>>> print(open('target-v8.txt').read())   # compact mmCIF, C-alpha atoms and all ligand atoms
# COMPACT_ATOMS: atom_id res chain seq x y z
CA MET C 246 125.48 113.18 89.03
CA ARG C 247 122.89 114.73 86.75
CA ALA C 248 119.29 113.61 87.02
CA VAL C 249 116.00 114.74 85.54
CA ILE C 250 113.11 114.89 88.00
CA VAL C 251 109.54 115.64 86.96
CA VAL C 252 107.62 117.54 89.61
CA LEU C 253 103.85 117.11 89.87
CA PRO C 254 102.63 119.48 92.60
CA GLY C 255 98.95 118.60 92.06
CA ASP C 256 96.20 120.06 94.23
CA GLY C 257 95.46 121.37 97.72
CA ILE C 258 98.56 121.34 99.90
CA GLY C 259 100.47 119.48 97.15
CA PRO C 260 102.25 122.58 95.80
CA GLU C 261 103.20 123.76 99.31
CA VAL C 262 104.75 120.50 100.48
CA VAL C 263 106.45 119.88 97.12
CA ALA C 264 108.08 123.33 97.34
CA GLU C 265 109.76 122.23 100.58
CA GLY C 266 110.81 118.92 99.03
CA LEU C 267 112.47 120.86 96.22
CA LYS C 268 114.14 123.20 98.71
CA VAL C 269 115.75 120.19 100.35
CA LEU C 270 116.63 118.63 96.99
CA GLY C 271 118.39 121.89 96.08
CA ALA C 272 120.33 121.80 99.33
CA VAL C 273 121.41 118.21 98.61
CA ALA C 274 122.52 119.25 95.12
CA ARG C 275 124.70 122.04 96.55
CA LYS C 276 126.17 120.00 99.37
CA PHE C 277 126.96 116.90 97.33
CA ARG C 278 127.57 118.66 93.99
CA HIS C 279 124.82 117.11 91.91
CA GLU C 280 122.74 118.62 89.18
CA PHE C 281 119.03 117.93 89.54
CA VAL C 282 117.05 119.25 86.60
CA THR C 283 113.41 119.64 87.58
CA ARG C 284 110.47 119.96 85.18
CA ASP C 285 106.99 120.87 86.39
CA ALA C 286 103.96 119.14 84.91
CA LEU C 287 100.23 118.93 85.54
CA ILE C 288 98.24 116.17 87.22
CA GLY C 289 94.94 115.82 89.05
CA GLY C 290 92.51 118.70 89.44
CA ALA C 291 95.07 121.21 88.21
CA ALA C 292 95.34 119.20 84.99
CA ILE C 293 91.56 118.86 84.69
CA ASP C 294 91.18 122.64 84.91
CA ALA C 295 93.82 123.24 82.25
CA THR C 296 93.28 120.32 79.87
CA ALA C 297 90.05 118.50 80.86
CA THR C 298 92.04 115.34 81.63
CA ALA C 299 93.58 114.23 84.94
CA LEU C 300 96.80 112.99 83.32
CA PRO C 301 97.68 114.80 80.09
CA ASP C 302 99.81 112.84 77.61
CA VAL C 303 102.58 115.42 77.88
CA THR C 304 102.83 114.75 81.62
CA LEU C 305 103.06 110.99 81.17
CA ASN C 306 105.64 111.38 78.40
CA GLN C 307 107.76 113.72 80.50
CA CYS C 308 107.65 111.23 83.35
CA LEU C 309 108.62 108.37 81.01
CA ASP C 310 111.68 110.43 80.03
CA ALA C 311 112.69 111.28 83.60
CA ASP C 312 114.81 109.54 86.21
CA ALA C 313 112.20 110.08 88.91
CA VAL C 314 108.92 111.82 89.66
CA LEU C 315 108.03 113.80 92.79
CA LEU C 316 104.32 114.20 93.42
CA GLY C 317 102.39 116.27 95.97
CA ALA C 318 98.74 115.22 96.19
CA VAL C 319 95.62 115.25 94.03
CA GLY C 320 91.94 115.94 94.60
CA GLY C 321 89.66 118.41 96.29
CA PRO C 322 86.02 119.46 96.70
CA LYS C 323 86.13 121.42 93.45
CA TRP C 324 86.33 118.17 91.46
CA ASP C 325 84.20 116.01 93.76
CA ASP C 326 80.95 116.07 91.82
CA PRO C 327 79.88 112.40 91.68
CA LYS C 328 78.53 113.01 88.18
CA ALA C 329 81.83 114.38 86.87
CA ARG C 330 83.26 112.44 83.95
CA VAL C 331 86.81 112.76 85.21
CA ARG C 332 88.23 112.86 88.73
CA PRO C 333 91.69 113.98 89.92
CA GLU C 334 92.39 110.55 91.45
CA GLN C 335 92.20 109.01 87.98
CA GLY C 336 95.38 110.92 87.15
CA LEU C 337 97.19 109.29 90.04
CA LEU C 338 96.01 105.80 89.14
CA ALA C 339 96.85 106.40 85.47
CA ILE C 340 100.39 107.55 86.18
CA ARG C 341 101.05 104.58 88.48
CA LYS C 342 99.79 102.25 85.76
CA GLY C 343 101.39 104.19 82.89
CA LEU C 344 104.83 104.02 84.49
CA GLY C 345 104.37 100.37 85.50
CA LEU C 346 104.86 101.18 89.20
CA TYR C 347 103.44 98.06 90.79
CA ALA C 348 105.34 98.18 94.08
CA ASN C 349 104.47 100.85 96.63
CA LEU C 350 106.87 100.99 99.57
CA ARG C 351 105.51 102.68 102.69
CA PRO C 352 107.95 102.67 105.60
CA VAL C 353 106.48 103.24 109.05
CA ALA C 354 109.12 103.91 111.69
CA VAL C 355 108.34 105.61 114.96
CA ASN C 356 110.60 108.53 115.71
CA PRO C 357 111.62 108.24 119.39
CA SER C 358 110.98 111.93 119.96
CA LEU C 359 107.38 111.49 118.78
CA LEU C 360 106.53 108.51 121.01
CA GLY C 361 104.21 110.71 123.03
CA ALA C 362 102.49 112.26 120.00
CA SER C 363 100.46 109.24 118.96
CA THR C 364 96.99 108.37 120.17
CA LEU C 365 98.51 105.02 121.24
CA ARG C 366 100.52 104.43 124.39
CA PRO C 367 104.30 104.93 124.07
CA GLU C 368 105.13 101.43 125.35
CA ILE C 369 103.14 99.92 122.45
CA LEU C 370 105.03 102.07 119.96
CA ALA C 371 108.62 101.62 121.09
CA GLY C 372 110.58 99.82 118.40
CA VAL C 373 108.01 100.14 115.63
CA ASP C 374 109.91 99.92 112.35
CA MET C 375 108.08 98.28 109.49
CA ILE C 376 107.61 98.64 105.79
CA VAL C 377 104.35 97.97 104.03
CA VAL C 378 104.71 96.80 100.44
CA ARG C 379 101.45 97.58 98.71
CA GLU C 380 100.62 96.17 95.28
CA LEU C 381 99.76 99.27 93.27
CA THR C 382 98.57 98.50 89.76
CA GLY C 383 96.13 95.63 90.18
CA GLY C 384 93.18 94.43 92.20
CA ILE C 385 89.89 96.18 92.68
CA TYR C 386 91.36 99.60 91.81
CA PHE C 387 91.87 98.56 88.21
CA GLY C 388 89.23 95.89 87.53
CA GLU C 389 86.19 96.54 85.40
CA LYS C 390 83.75 99.03 86.92
CA VAL C 391 80.08 98.87 86.04
CA ARG C 392 77.34 101.25 87.00
CA GLU C 393 73.73 100.45 86.18
CA ARG C 394 70.58 102.12 87.35
CA ASP C 395 70.16 100.09 90.52
CA ARG C 396 73.47 98.28 90.91
CA ALA C 397 77.21 98.79 90.64
CA SER C 398 80.25 96.53 90.65
CA ASP C 399 84.04 96.74 90.90
CA LEU C 400 85.91 93.66 89.80
CA CYS C 401 88.95 92.49 91.76
CA VAL C 402 91.44 90.61 89.59
CA TYR C 403 94.95 89.34 90.32
CA THR C 404 97.15 87.25 88.07
CA VAL C 405 99.84 84.84 89.24
CA GLY C 406 102.49 87.08 87.67
CA GLU C 407 101.27 90.15 89.52
CA VAL C 408 101.43 88.37 92.86
CA GLU C 409 104.82 86.80 92.16
CA ARG C 410 106.51 90.08 91.36
CA ILE C 411 105.20 92.00 94.38
CA VAL C 412 106.04 89.13 96.74
CA ARG C 413 109.58 89.13 95.35
CA VAL C 414 109.97 92.87 95.99
CA ALA C 415 108.80 92.41 99.58
CA ALA C 416 110.94 89.32 100.14
CA ARG C 417 114.08 91.07 98.89
CA LEU C 418 113.42 93.85 101.40
CA ALA C 419 112.74 91.35 104.19
CA ARG C 420 116.00 89.57 103.39
CA VAL C 421 118.06 92.64 104.32
CA ARG C 422 115.90 93.44 107.35
CA LYS C 423 114.65 90.96 109.94
CA LYS C 424 113.93 88.16 107.44
CA LYS C 425 110.26 88.20 108.42
CA LEU C 426 107.49 88.68 105.89
CA THR C 427 103.79 88.92 106.67
CA SER C 428 101.49 88.44 103.70
CA VAL C 429 98.08 89.96 104.30
CA ASP C 430 94.94 88.74 102.52
CA LYS C 431 91.33 87.74 103.04
CA ALA C 432 91.71 84.12 101.99
CA ASN C 433 88.76 82.99 104.08
CA VAL C 434 86.44 84.88 101.72
CA LEU C 435 88.10 86.05 98.50
CA GLU C 436 89.28 83.89 95.60
CA THR C 437 91.92 86.48 94.67
CA SER C 438 93.25 86.14 98.22
CA ARG C 439 93.43 82.34 97.95
CA LEU C 440 95.48 82.76 94.78
CA TRP C 441 97.61 85.38 96.54
CA ARG C 442 98.30 83.05 99.49
CA GLU C 443 99.16 80.11 97.23
CA VAL C 444 101.54 82.12 95.09
CA ALA C 445 103.19 83.83 98.07
CA THR C 446 103.76 80.44 99.72
CA ARG C 447 105.34 78.97 96.58
CA VAL C 448 107.57 81.96 95.77
CA MET C 449 108.85 82.12 99.34
CA ARG C 450 109.47 78.37 99.53
CA ASP C 451 111.24 78.19 96.17
CA GLU C 452 113.21 81.46 96.19
CA PHE C 453 113.40 82.85 99.73
CA SER C 454 113.67 79.93 102.10
CA ASP C 455 115.84 82.13 104.36
CA VAL C 456 112.89 84.49 105.00
CA ALA C 457 110.09 83.41 107.37
CA LEU C 458 106.68 83.87 105.79
CA SER C 459 103.46 84.14 107.73
CA HIS C 460 99.94 84.81 106.48
CA MET C 461 97.47 87.07 108.20
CA LEU C 462 93.88 87.96 107.41
CA VAL C 463 93.44 91.65 106.79
CA ASP C 464 90.94 92.19 109.58
CA ALA C 465 93.27 90.55 112.07
CA CYS C 466 96.14 92.62 110.69
CA ALA C 467 94.17 95.81 111.29
CA MET C 468 93.85 94.73 114.90
CA HIS C 469 97.44 93.60 115.43
CA LEU C 470 98.77 96.82 113.90
CA ILE C 471 97.56 98.71 116.92
CA ARG C 472 97.87 95.88 119.42
CA ARG C 473 101.49 94.85 118.84
CA PRO C 474 102.86 96.98 115.97
CA ALA C 475 106.51 96.42 116.86
CA ASP C 476 106.18 92.75 115.88
CA PHE C 477 105.81 93.57 112.18
CA ASP C 478 108.77 93.91 109.86
CA VAL C 479 107.76 93.65 106.19
CA ILE C 480 104.10 93.40 105.20
CA VAL C 481 103.04 92.59 101.64
CA THR C 482 99.47 93.02 100.58
CA GLU C 483 97.12 93.86 97.74
CA ASN C 484 96.24 97.33 96.55
CA MET C 485 93.11 98.11 98.55
CA PHE C 486 94.23 96.45 101.80
CA GLY C 487 97.53 98.33 101.57
CA ASP C 488 95.72 101.62 101.11
CA ILE C 489 93.65 101.10 104.23
CA LEU C 490 96.31 99.56 106.46
CA THR C 491 98.82 102.35 105.77
CA ASP C 492 96.41 105.08 106.82
CA GLU C 493 95.96 103.09 110.00
CA ALA C 494 99.70 102.58 110.40
CA SER C 495 100.33 106.31 110.00
CA MET C 496 98.74 106.84 113.38
CA LEU C 497 101.60 104.88 114.93
CA VAL C 498 103.93 107.71 113.97
CA GLY C 499 101.46 110.36 115.04
CA SER C 500 100.30 111.78 111.71
CA MET C 501 99.79 111.04 108.02
CA GLY C 502 101.97 114.09 107.49
CA MET C 503 105.05 112.07 108.40
CA LEU C 504 104.81 109.10 106.02
CA PRO C 505 106.60 108.99 102.65
CA SER C 506 106.24 106.48 99.88
CA ALA C 507 108.06 105.16 96.84
CA SER C 508 106.33 103.55 93.88
CA LEU C 509 108.61 101.36 91.83
CA GLY C 510 108.49 99.15 88.77
CA GLU C 511 111.07 97.10 86.90
CA GLY C 512 113.69 99.78 86.29
CA LYS C 513 115.13 102.50 88.52
CA ARG C 514 112.53 105.12 87.70
CA GLY C 515 110.07 105.69 90.50
CA LEU C 516 107.37 108.02 91.71
CA TYR C 517 107.67 109.49 95.18
CA GLU C 518 104.81 110.99 97.15
CA PRO C 519 103.62 111.50 100.70
CA ILE C 520 100.87 109.04 101.60
CA HIS C 521 98.58 111.86 102.73
CA GLY C 522 96.05 113.56 100.50
CA SER C 523 95.53 117.14 99.33
CA ALA C 524 94.02 118.35 102.66
CA PRO C 525 91.85 121.07 101.06
CA ASP C 526 90.82 122.38 104.48
CA ILE C 527 94.32 123.70 105.17
CA ALA C 528 95.49 124.34 101.60
CA GLY C 529 97.14 127.68 100.93
CA LYS C 530 97.63 128.49 104.61
CA GLY C 531 101.29 127.55 104.87
CA VAL C 532 100.65 125.15 107.74
CA ALA C 533 100.84 121.72 106.05
CA ASN C 534 103.45 119.23 107.25
CA PRO C 535 106.13 118.83 104.53
CA TYR C 536 108.12 116.10 106.30
CA ALA C 537 106.39 113.25 104.43
CA THR C 538 107.31 114.88 101.12
CA ILE C 539 110.87 115.61 102.25
CA LEU C 540 111.22 111.98 103.36
CA SER C 541 109.86 110.97 99.94
CA VAL C 542 112.72 112.97 98.42
CA ALA C 543 115.09 110.85 100.52
CA MET C 544 113.48 107.71 99.09
CA LEU C 545 113.88 109.16 95.59
CA LEU C 546 117.60 109.72 96.16
CA ARG C 547 117.98 106.16 97.43
CA HIS C 548 115.81 104.12 95.08
CA SER C 549 116.00 105.96 91.76
CA LEU C 550 119.41 107.64 91.93
CA ASP C 551 121.39 105.23 94.15
CA LEU C 552 122.48 108.21 96.27
CA PHE C 553 122.53 106.40 99.58
CA ALA C 554 124.61 108.84 101.64
CA GLU C 555 122.46 111.71 100.41
CA ALA C 556 119.25 109.87 101.32
CA GLU C 557 120.52 109.17 104.81
CA ALA C 558 121.64 112.77 105.23
CA VAL C 559 118.10 113.96 104.45
CA GLU C 560 116.57 111.42 106.83
CA ARG C 561 118.97 112.45 109.59
CA ALA C 562 118.20 116.11 108.97
CA VAL C 563 114.46 115.48 109.27
CA ALA C 564 115.00 113.45 112.44
CA SER C 565 117.05 116.23 114.00
CA ALA C 566 114.47 118.90 113.10
CA ILE C 567 111.81 116.71 114.71
CA ALA C 568 113.98 116.03 117.76
CA ALA C 569 114.41 119.81 118.12
CA GLY C 570 110.63 120.06 118.44
CA LEU C 571 110.17 121.79 115.07
CA LEU C 572 106.76 120.38 114.23
CA PRO C 573 103.88 121.55 112.04
CA GLY C 574 100.29 121.85 113.21
CA ASP C 575 99.17 118.28 112.52
CA ILE C 576 101.37 116.96 115.28
CA ALA C 577 102.73 119.88 117.29
CA ALA C 578 99.98 119.99 119.91
CA ALA C 579 100.13 116.25 120.52
CA ALA C 580 103.90 116.58 120.97
CA GLY C 581 103.41 119.53 123.32
CA VAL C 582 105.14 122.22 121.24
CA ALA C 583 104.00 125.32 119.38
CA PRO C 584 103.45 124.62 115.67
CA ILE C 585 105.75 125.89 112.95
CA GLY C 586 104.76 126.59 109.34
CA THR C 587 105.41 124.55 106.20
CA SER C 588 108.36 126.58 104.96
CA GLU C 589 109.90 126.84 108.44
CA ALA C 590 109.94 123.05 108.56
CA GLY C 591 111.67 122.91 105.16
CA ASP C 592 114.17 125.55 106.32
CA ALA C 593 114.89 123.54 109.46
CA VAL C 594 115.77 120.50 107.38
CA VAL C 595 117.98 122.55 105.07
CA ARG C 596 119.80 123.99 108.11
CA ALA C 597 120.29 120.55 109.61
CA LEU C 598 121.70 119.32 106.30
CA ALA C 599 124.34 122.02 106.06
C1 LIG A 601 96.93 106.73 98.46
C2 LIG A 601 95.63 107.46 98.16
C3 LIG A 601 95.16 107.11 96.75
C4 LIG A 601 94.93 105.61 96.69
C5 LIG A 601 93.92 107.88 96.27
C6 LIG A 601 94.13 109.37 96.33
C7 LIG A 601 93.49 107.46 94.90
O1 LIG A 601 94.67 107.17 99.12
O2 LIG A 601 97.90 106.92 97.71
O3 LIG A 601 96.97 106.01 99.43
O4 LIG A 601 93.85 105.15 97.09
O5 LIG A 601 95.83 104.89 96.26
MG MG A 602 95.42 106.08 100.76
>>> encode(input="target-v8.txt", output="structure tokens", more="lines below")
Ligand code: IPM
Ligand code: MG
Amino acid sequence: MRAVIVVLPGDGIGPEVVAEGLKVLGAVARKFRHEFVTRDALIGGAAIDATATALPDVTLNQCLDADAVLLGAVGGPKWDDPKARVRPEQGLLAIRKGLGLYANLRPVAVNPSLLGASTLRPEILAGVDMIVVRELTGGIYFGEKVRERDRASDLCVYTVGEVERIVRVAARLARVRKKKLTSVDKANVLETSRLWREVATRVMRDEFSDVALSHMLVDACAMHLIRRPADFDVIVTENMFGDILTDEASMLVGSMGMLPSASLGEGKRGLYEPIHGSAPDIAGKGVANPYATILSVAMLLRHSLDLFAEAEAVERAVASAIAAGLLPGDIAAAAGVAPIGTSEAGDAVVRALA
């Protein structure tokens, strides 16, 4: 098949990990005889430097015309001035909103060869295989923000329609997994959470009676994620809770450098990015972990291009590189091996794919 993929390397380690993602995409193209046309565009700090905006119109338009978008990371100390008019993160939020990508899928599966690399005990981690479905274009991230001299506010808003559609995405996933959905909210305090709980209950009762729904408060969820993580299957939650819980969940697999994500809307087009940030402290050193980005490429193949065998081949190749002990610096020491570099990790995946 032929597909157009816009590449947004972004800032910090973004360009380094994206280069490895593209290396693997190229290997998939050769092996399975596809043509992937890639187009680079600017986002985040790189875009601010060049155009004074975090998401130039040309970038958004290119993405709207593409089949999928692969993104590295945005942000860094250079653009951190609290008085700055524009921040790199605004580019990320704007592209999620601009492409209508309301559903953020963040799979968290423990690789058996990394059981010892987490800060948690291996027996707690065995069998962990969950997916967090994070609402991505609503809630406190996008509500009105006000700053006055001696006070500030961020408004959290959810509509019935926004909750319905994200619950449906999660329920469809749960239906082909263990038929178990946990909806996470803070209904004991927040009105938006009470709406969320009501809508989730109705949608599940009316449309997904074959999937068992349970509700959990977000603070309890934070606890259970490290107490009995293998009990979770699909989690659905609002934007901010999903952001926080997935950083926590990444520690189950040993490192943020291992977790991919897919952001989807109504059509097939999606945006794929590692859940980690731009890691300015290690940028440019060739030591960043590219596996999260490479696994995001697998999600791109699966969700936007319907290339299921190709996606699985990439995931298997990553698993076999990891099983061979080929691990970058974020996780190597914990796994008891010497670290490899970013491009060595990409090469290992390409070799395993061949
Ligand atoms: C994420 C990140 C972003 C978010 C930041 C960089 C704006 O933390 O994708 O999880 O909060 O959504
Ligand atoms: Mg985050």
>>> closest_atom_pairs(input="target-v8.txt", of="chain C", to="ligand MG 602 (chain A)", cutoff="10 Å", atoms="only C-alpha atoms and all ligand atoms", output="CSV")
residue,atom,partner,partner_atom,distance
C:Asn484,CA,A:MG602,MG,9.7
C:Met485,CA,A:MG602,MG,8.6
C:Phe486,CA,A:MG602,MG,9.8
C:Gly487,CA,A:MG602,MG,8.1
C:Asp488,CA,A:MG602,MG,4.5
C:Ile489,CA,A:MG602,MG,6.3
C:Leu490,CA,A:MG602,MG,8.7
C:Thr491,CA,A:MG602,MG,7.1
C:Asp492,CA,A:MG602,MG,6.2
C:Glu493,CA,A:MG602,MG,9.7
C:Met501,CA,A:MG602,MG,9.8
C:Pro519,CA,A:MG602,MG,9.8
C:Ile520,CA,A:MG602,MG,6.3
C:His521,CA,A:MG602,MG,6.9
C:Gly522,CA,A:MG602,MG,7.5
>>> write_last_selection(input="target-v8.txt", atoms="C-alpha atoms", output="PDB file, in the coordinates of the input")
ATOM      1  CA  ASN C 484      96.240  97.330  96.550  1.00  0.00           C
ATOM      2  CA  MET C 485      93.110  98.110  98.550  1.00  0.00           C
ATOM      3  CA  PHE C 486      94.230  96.450 101.800  1.00  0.00           C
ATOM      4  CA  GLY C 487      97.530  98.330 101.570  1.00  0.00           C
ATOM      5  CA  ASP C 488      95.720 101.620 101.110  1.00  0.00           C
ATOM      6  CA  ILE C 489      93.650 101.100 104.230  1.00  0.00           C
ATOM      7  CA  LEU C 490      96.310  99.560 106.460  1.00  0.00           C
ATOM      8  CA  THR C 491      98.820 102.350 105.770  1.00  0.00           C
ATOM      9  CA  ASP C 492      96.410 105.080 106.820  1.00  0.00           C
ATOM     10  CA  GLU C 493      95.960 103.090 110.000  1.00  0.00           C
ATOM     11  CA  MET C 501      99.790 111.040 108.020  1.00  0.00           C
ATOM     12  CA  PRO C 519     103.620 111.500 100.700  1.00  0.00           C
ATOM     13  CA  ILE C 520     100.870 109.040 101.600  1.00  0.00           C
ATOM     14  CA  HIS C 521      98.580 111.860 102.730  1.00  0.00           C
ATOM     15  CA  GLY C 522      96.050 113.560 100.500  1.00  0.00           C
TER      16      GLY C 522
END
>>> residues_around(input="target-v8.txt", residues="Leu350 of chain C", least_positions_apart="2", cutoff="10 Å", atoms="all atoms listed in the file", output="list in words")
Tyr347, Ala348, Pro352, Val353, Ile376, Val377, Val378, Arg379, Glu380, Leu381, Val414, Ala415, Leu418, Val479, Ile480, Val481, Gly487, Pro505, Ser506, Ala507, Ser508, Leu509, Tyr517 and Met544 of chain C
>>> write_last_selection(input="target-v8.txt", atoms="C-alpha atoms", output="mmCIF file, in the frame of the given file")
data_model
loop_
_atom_site.group_PDB
_atom_site.id
_atom_site.type_symbol
_atom_site.label_atom_id
_atom_site.label_comp_id
_atom_site.auth_asym_id
_atom_site.auth_seq_id
_atom_site.Cartn_x
_atom_site.Cartn_y
_atom_site.Cartn_z
ATOM 1 C CA TYR C 347 103.440 98.060 90.790
ATOM 2 C CA ALA C 348 105.340 98.180 94.080
ATOM 3 C CA PRO C 352 107.950 102.670 105.600
ATOM 4 C CA VAL C 353 106.480 103.240 109.050
ATOM 5 C CA ILE C 376 107.610 98.640 105.790
ATOM 6 C CA VAL C 377 104.350 97.970 104.030
ATOM 7 C CA VAL C 378 104.710 96.800 100.440
ATOM 8 C CA ARG C 379 101.450 97.580 98.710
ATOM 9 C CA GLU C 380 100.620 96.170 95.280
ATOM 10 C CA LEU C 381 99.760 99.270 93.270
ATOM 11 C CA VAL C 414 109.970 92.870 95.990
ATOM 12 C CA ALA C 415 108.800 92.410 99.580
ATOM 13 C CA LEU C 418 113.420 93.850 101.400
ATOM 14 C CA VAL C 479 107.760 93.650 106.190
ATOM 15 C CA ILE C 480 104.100 93.400 105.200
ATOM 16 C CA VAL C 481 103.040 92.590 101.640
ATOM 17 C CA GLY C 487 97.530 98.330 101.570
ATOM 18 C CA PRO C 505 106.600 108.990 102.650
ATOM 19 C CA SER C 506 106.240 106.480 99.880
ATOM 20 C CA ALA C 507 108.060 105.160 96.840
ATOM 21 C CA SER C 508 106.330 103.550 93.880
ATOM 22 C CA LEU C 509 108.610 101.360 91.830
ATOM 23 C CA TYR C 517 107.670 109.490 95.180
ATOM 24 C CA MET C 544 113.480 107.710 99.090
#
>>> atom_distance(input="target-v8.txt", atom1="atom CA of Gly406 of chain C", atom2="atom CA of Val444 of chain C")
9.0 Å
>>> closest_residue(input="target-v8.txt", among="C:Glu334, C:Glu265, C:Glu436, C:Asp575", to="ligand LIG 601 (chain A)", atoms="all atoms listed in the file")
C:Glu334
>>> closest_residue(input="target-v8.txt", among="C:Ala297, C:Leu400, C:Val563, C:Val434", to="Asp592 of chain C", atoms="all atoms listed in the file")
C:Val563
>>> residues_around(input="target-v8.txt", residues="Leu435 of chain C", least_positions_apart="6", cutoff="12 Å", atoms="only C-alpha atoms", output="list in words")
Gly384, Ile385, Leu400, Cys401, Val402, Tyr403, Trp441, Arg442, Leu462, Val463 and Glu483 of chain C
>>> closest_residue(input="target-v8.txt", among="C:Leu344, C:Leu359, C:Ala272, C:Leu337", to="Leu571 of chain C", atoms="all atoms listed in the file")
C:Leu359
>>> residues_near_point(input="target-v8.txt", point="(107.2, 112.6, 92.7)", cutoff="8 Å", atoms="all atoms listed in the file", output="PyMOL selection string")
chain C and resi 250-253+313-317+515-518+541-542
>>> residues_near_point(input="target-v8.txt", point="(108.6, 114.6, 103.8)", cutoff="8 Å", atoms="all atoms listed in the file", output="number ranges by chain")
C: 262, 266, 502-505, 519, 534-542
>>> atom_distance(input="target-v8.txt", atom1="atom CA of Leu267 of chain C", atom2="atom CA of Asp551 of chain C")
18.1 Å
>>> closest_residue(input="target-v8.txt", among="C:Gly586, C:Pro333, C:Gly257, C:Pro367", to="ligand LIG 601 (chain A)", atoms="all atoms listed in the file")
C:Pro333
>>> atom_distance(input="target-v8.txt", atom1="atom CA of Glu589 of chain C", atom2="atom CA of Ile258 of chain C")
15.2 Å
>>> closest_residue(input="target-v8.txt", among="C:Ala494, C:Ala286, C:Val391, C:Leu458", to="ligand LIG 601 (chain A)", atoms="only C-alpha atoms and all ligand atoms")
C:Ala494
>>> closest_residue(input="target-v8.txt", among="C:Thr482, C:Asn433, C:Thr382, C:Thr427", to="ligand LIG 601 (chain A)", atoms="all atoms listed in the file")
C:Thr382
>>> axis_aligned_box(input="target-v8.txt", around="ligand LIG 601 (chain A)", padding_each_side="8 Å", output="JSON")
{"center_x": 95.7, "center_y": 107.1, "center_z": 97.2, "size_x": 20.4, "size_y": 20.5, "size_z": 20.5}
>>> residues_around(input="target-v8.txt", residues="Lys328 of chain C", least_positions_apart="4", cutoff="12 Å", atoms="only C-alpha atoms", output="VMD selection string")
chain C and resid 324 332 392
>>> residues_around(input="target-v8.txt", residues="Val249 of chain C", least_positions_apart="5", cutoff="8 Å", atoms="all atoms listed in the file", output="list in words")
Phe281, Val282, Thr283, Arg284, Ala311, Asp312 and Ala313 of chain C
>>> write_last_selection(input="target-v8.txt", atoms="C-alpha atoms", output="PDB file, in the frame of the given file")
ATOM      1  CA  PHE C 281     119.030 117.930  89.540  1.00  0.00           C
ATOM      2  CA  VAL C 282     117.050 119.250  86.600  1.00  0.00           C
ATOM      3  CA  THR C 283     113.410 119.640  87.580  1.00  0.00           C
ATOM      4  CA  ARG C 284     110.470 119.960  85.180  1.00  0.00           C
ATOM      5  CA  ALA C 311     112.690 111.280  83.600  1.00  0.00           C
ATOM      6  CA  ASP C 312     114.810 109.540  86.210  1.00  0.00           C
ATOM      7  CA  ALA C 313     112.200 110.080  88.910  1.00  0.00           C
TER       8      ALA C 313
END
>>> build_atoms(input="target-v8.txt", residues="segment 390-402 of chain C", atoms="N, CA and C atoms", output="mmCIF file, keeping the file's coordinate frame")
data_model
loop_
_atom_site.group_PDB
_atom_site.id
_atom_site.type_symbol
_atom_site.label_atom_id
_atom_site.label_comp_id
_atom_site.auth_asym_id
_atom_site.auth_seq_id
_atom_site.Cartn_x
_atom_site.Cartn_y
_atom_site.Cartn_z
ATOM 1 N N LYS C 390 84.749 98.350 86.088
ATOM 2 C CA LYS C 390 83.750 99.030 86.920
ATOM 3 C C LYS C 390 82.461 99.170 86.117
ATOM 4 N N VAL C 391 81.367 98.777 86.746
ATOM 5 C CA VAL C 391 80.080 98.870 86.040
ATOM 6 C C VAL C 391 79.094 99.634 86.903
ATOM 7 N N ARG C 392 78.397 100.534 86.286
ATOM 8 C CA ARG C 392 77.340 101.250 87.000
ATOM 9 C C ARG C 392 76.057 101.129 86.202
ATOM 10 N N GLU C 393 75.049 100.514 86.811
ATOM 11 C CA GLU C 393 73.730 100.450 86.180
ATOM 12 C C GLU C 393 72.775 101.259 87.028
ATOM 13 N N ARG C 394 71.510 101.260 86.642
ATOM 14 C CA ARG C 394 70.580 102.120 87.350
ATOM 15 C C ARG C 394 70.488 101.772 88.837
ATOM 16 N N ASP C 395 70.373 100.468 89.126
ATOM 17 C CA ASP C 395 70.160 100.090 90.520
ATOM 18 C C ASP C 395 71.231 99.135 91.046
ATOM 19 N N ARG C 396 72.358 99.063 90.367
ATOM 20 C CA ARG C 396 73.470 98.280 90.910
ATOM 21 C C ARG C 396 74.803 98.768 90.365
ATOM 22 N N ALA C 397 75.864 98.408 91.080
ATOM 23 C CA ALA C 397 77.210 98.790 90.640
ATOM 24 C C ALA C 397 78.168 97.676 91.009
ATOM 25 N N SER C 398 79.263 97.544 90.286
ATOM 26 C CA SER C 398 80.250 96.530 90.650
ATOM 27 C C SER C 398 81.655 96.992 90.318
ATOM 28 N N ASP C 399 82.610 96.523 91.134
ATOM 29 C CA ASP C 399 84.040 96.740 90.900
ATOM 30 C C ASP C 399 84.686 95.373 90.942
ATOM 31 N N LEU C 400 85.341 95.004 89.875
ATOM 32 C CA LEU C 400 85.910 93.660 89.800
ATOM 33 C C LEU C 400 87.312 93.650 90.392
ATOM 34 N N CYS C 401 87.601 92.639 91.203
ATOM 35 C CA CYS C 401 88.950 92.490 91.760
ATOM 36 C C CYS C 401 89.639 91.322 91.058
ATOM 37 N N VAL C 402 90.730 91.637 90.352
ATOM 38 C CA VAL C 402 91.440 90.610 89.590
ATOM 39 C C VAL C 402 92.915 90.626 89.979
#
